[in-house]
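Chemist: Mind looking over this structure? Questions follow.
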Amino acid sequence: MFDENAASTAPHEIEGTSAPARSALFEPLSLRNGAIIPNRLAKAAMEENMADQGQVPGPALLALYTRWAQGGAGLLLTGNVMIDARALTGPGGLVLEDDRDLALFSRWATAMKSGGAQAWMQINHPGRQMPVALGQQAVAPSAVPLDLGGLSKLFAQPRAMTSAEVEDIIARFARTAALAEQAGFDGVQVHAAHGYLLNQFLSPLVNQRTDTWGGSLENRARALLDTVRAVRAAVTPGFTVSVKLNSADFQRGGFDVDDAKQVVQWLNDLDIDLLELSGGSYESPAMQGTPVEGSSTAAREAYFVDFARDIAGVAAMPVMVTGGIRRRAVAEAALSPEGDRIGVAMLGIATAMTVEPALPARWRAGESLEIALPSLSWKNRALAAGATMAIAKLRLRRMAAGKATERTPSAVLTFIGDQLRTRRLAKRYRAWMNERQPAV
């Protein structure tokens, strides 16, 4: 359960309110493609699992993102939008693989841009990180299942993809990106982090192939690089194409910082407008603040900044870092050079903006407040990660309903309630898949 000695998640003043001062946080950021992000703060992607019937955005998601749109962030990133209806990260996930529901996605884009922020769609495929309750066959670079101890059975046993299936996935990423542009989004983010499919190709632990998609790092990176090329070719030059990449997977023998630096150097040669750095996977949930051995980054706040500074030194595109930022001083420090290392260009805020959706606006107004996030002290990291996600998703639903989100709910009860809700949504999804006609 949550540490009883941890602070409340309610935002609180730490020095009172002062007059607004000029800050790098609120300087615009110009991208390679000519797009301008109004400031350096982004609402980072979070798993909402709030799709309406048909795996489409409905009133709840529009209300949620309208609140964030008025909160002062320069960029709003959606949570996962899946490129294939057969492969979801959760039963309440969104799917955009054809134009049959494009009008609903257009309304979502309009809501996201209503406050002047850029609106980008995160596009993804879960690979082996797909719940077995969805009733679909999971695919992965190799037939390597998730290792979550007793919780492994909750995820589908993957089979190795054929080369033709890899090519199909690449085409699907490009198709979804083109549809996102048609819907009115300003850009897309190709998700190649957190243990999802493109990250699985990068990982030598998961990718055990011996063909052109596996073996050397160059071959393991091929799926990502070919996806980026296909996406860039499918959209107009002014449409933003970004990538979310792990700085490391934080698993012994897995994708590491040196690998990430090399992949970034390959991405430098492509038309990437922004690179977001994160880390971890379902097996090693570093993206939720799990302490990382050997990292000098402060625990549970801005926990990928050290890695991001190192990688930004080889990146030709602006670098954004996401992970645990909740104080203005920490955010400003991340933008500033440190010794011979440059600062990052953009900051993603996730959990803190489920507690205070207007955090950027309040920082701009000169309020010195922070969001205190309590730690989850369960010994089972997989269960702790699941409960952490359940609490975040509950806050998102409360935000969409116009309710307060500051109070920390019971971790146990929220986790149980999320499991029951997931079962209901999985049943709805399976019925939808049984009735759905394949896209032509």
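By convention here, the chains of the structure tokens are called A, B, ... in the order presented, each chain's residues are numbered starting at 1, and ligands are numbered starting at 1 in the order presented.
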Tell me, counting only C-alpha atoms, for each residue of range 391-414 of chain A within 9 Å of range 357-377 of chain A, which pair of atoms is nearest and how far apart they are in Å to one decimal, in rows ordered by chain and increasing number, as JSON lines.
Modeler:
{"residue": "A:Met399", "atom": "CA", "partner": "A:Pro357", "partner_atom": "CA", "distance": 8.5}
{"residue": "A:Thr408", "atom": "CA", "partner": "A:Pro374", "partner_atom": "CA", "distance": 8.5}
{"residue": "A:Ala411", "atom": "CA", "partner": "A:Leu376", "partner_atom": "CA", "distance": 8.3}
Chemist: Got time to write the residues from that selection, N, CA and C atoms, as a PDB file, in the first residue's frame?
Modeler:
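Written output follows (again-v1.pdb):
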ATOM      1  N   MET A 399     -11.067  13.515 -13.331  1.00  0.00           N
ATOM      2  CA  MET A 399     -10.858  14.779 -14.024  1.00  0.00           C
ATOM      3  C   MET A 399     -11.892  14.967 -15.126  1.00  0.00           C
ATOM      4  N   THR A 408      -5.473  11.069  -2.234  1.00  0.00           N
ATOM      5  CA  THR A 408      -4.888   9.787  -2.607  1.00  0.00           C
ATOM      6  C   THR A 408      -5.849   8.664  -2.249  1.00  0.00           C
ATOM      7  N   ALA A 411      -4.834   2.316  -2.399  1.00  0.00           N
ATOM      8  CA  ALA A 411      -4.171   1.591  -3.484  1.00  0.00           C
ATOM      9  C   ALA A 411      -4.810   0.225  -3.706  1.00  0.00           C
TER      10      ALA A 411
END
Chemist: Enumerate as a ChimeraX atom specification all residues of range 19-232 of chain A assigned to alpha helix (DSSP H) by DSSP on the backbone, naming them with the chain letters and numbers the document uses.
Modeler: /A:59-69,102-112,163-183,197-202,217-220,222-232
Chemist: When you count only C-alpha atoms, which of these residues is closest to Arg395 in chain A: A:Pro409, A:Gly279, A:Gly238, A:Gly149?
Modeler: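 Between A:Pro409, A:Gly279, A:Gly238, A:Gly149, the residue approaching Arg395 in chain A most closely is A:Pro409.
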Chemist: Mind checking DSSP for range 307-400 of chain A and telling me the strand (DSSP E) residues as a list in words?
Modeler: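 Restricting range 307-400 of chain A to strand (DSSP E) produces Val319, Met320, Val321, Thr322, Met346, Leu347, Gly348, Ile349, Glu367, Ser368, Leu369, Glu370 and Ile371 of chain A.
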Chemist: Grab the residues selected above and save them as a PDB file, in the first residue's frame with C-alpha atoms.
Modeler:
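Generated output (out_35.pdb):
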ATOM      1  CA  VAL A 319      15.204  16.351 -26.657  1.00  0.00           C
ATOM      2  CA  MET A 320      12.291  16.074 -24.244  1.00  0.00           C
ATOM      3  CA  VAL A 321      12.502  14.160 -20.981  1.00  0.00           C
ATOM      4  CA  THR A 322       9.590  12.761 -18.989  1.00  0.00           C
ATOM      5  CA  MET A 346      11.329  20.145 -23.416  1.00  0.00           C
ATOM      6  CA  LEU A 347       9.835  18.606 -20.271  1.00  0.00           C
ATOM      7  CA  GLY A 348       6.999  16.093 -20.104  1.00  0.00           C
ATOM      8  CA  ILE A 349       4.799  16.054 -17.005  1.00  0.00           C
ATOM      9  CA  GLU A 367       3.060  30.246  -7.776  1.00  0.00           C
ATOM     10  CA  SER A 368       5.739  28.235  -6.003  1.00  0.00           C
ATOM     11  CA  LEU A 369       3.987  24.959  -5.536  1.00  0.00           C
ATOM     12  CA  GLU A 370       4.912  21.324  -5.921  1.00  0.00           C
ATOM     13  CA  ILE A 371       2.961  18.111  -6.222  1.00  0.00           C
TER      14      ILE A 371
END
Chemist: So what do you get for CA of His125 in chain A versus CA of Lys393 in chain A, distance-wise?
Modeler: 19.8 Å
Chemist: Considering only C-alpha atoms, tabulate each residue of range 183-292 of chain A that lies at most 12 Å from range 44-55 of chain A along with its nearest interatomic pair and the corresponding distance in Å to one decimal; arrange the rows by chain and ascending residue number and present them as CSV.
Modeler:
residue,atom,partner,partner_atom,distance
A:Val188,CA,A:Ala45,CA,11.5
A:Gln189,CA,A:Ala45,CA,9.6
A:Val190,CA,A:Ala45,CA,11.6
A:His191,CA,A:Ala45,CA,10.0
A:Ala193,CA,A:Ala45,CA,11.8
A:His194,CA,A:Met46,CA,11.8
A:Lys244,CA,A:Ala45,CA,10.1
A:Glu276,CA,A:Ala44,CA,9.6
A:Leu277,CA,A:Ala44,CA,11.2
A:Ser278,CA,A:Ala44,CA,10.7
A:Met287,CA,A:Met46,CA,11.1
A:Gln288,CA,A:Met46,CA,11.2
Chemist: Determine the nearest neighbour of Leu151 in chain A from the options A:Val95, A:Ala385, A:Leu224, A:Ala345, counting only C-alpha atoms.
Modeler: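 Result for the nearest residue to Leu151 in chain A: A:Ala385.
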Chemist: Applying 8 Å and only C-alpha atoms, which residues near Ala133 in chain A remain after dropping the ones on its own chain fewer than 5 positions away? List them as a ChimeraX atom specification.
Modeler: /A:154-155,423,426
Chemist: Report, in Å with one decimal, the straight-line distance from CA of Thr176 in chain A to CA of Ala234 in chain A.
Modeler: 9.3 Å
Chemist: Could you tell me which of A:Ile325, A:Ala333, A:Ala390, A:Ala248 comes closest to Phe307 in chain A if we count only C-alpha atoms?
Modeler: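 Result for the nearest residue to Phe307 in chain A: A:Ala248.
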Chemist: Using only C-alpha atoms for the distances, tell me which of A:Arg328, A:Glu406, A:Val263, A:Gly280 is nearest to Val355 in chain A.
Modeler: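 Between A:Arg328, A:Glu406, A:Val263, A:Gly280, the residue approaching Val355 in chain A most closely is A:Glu406.
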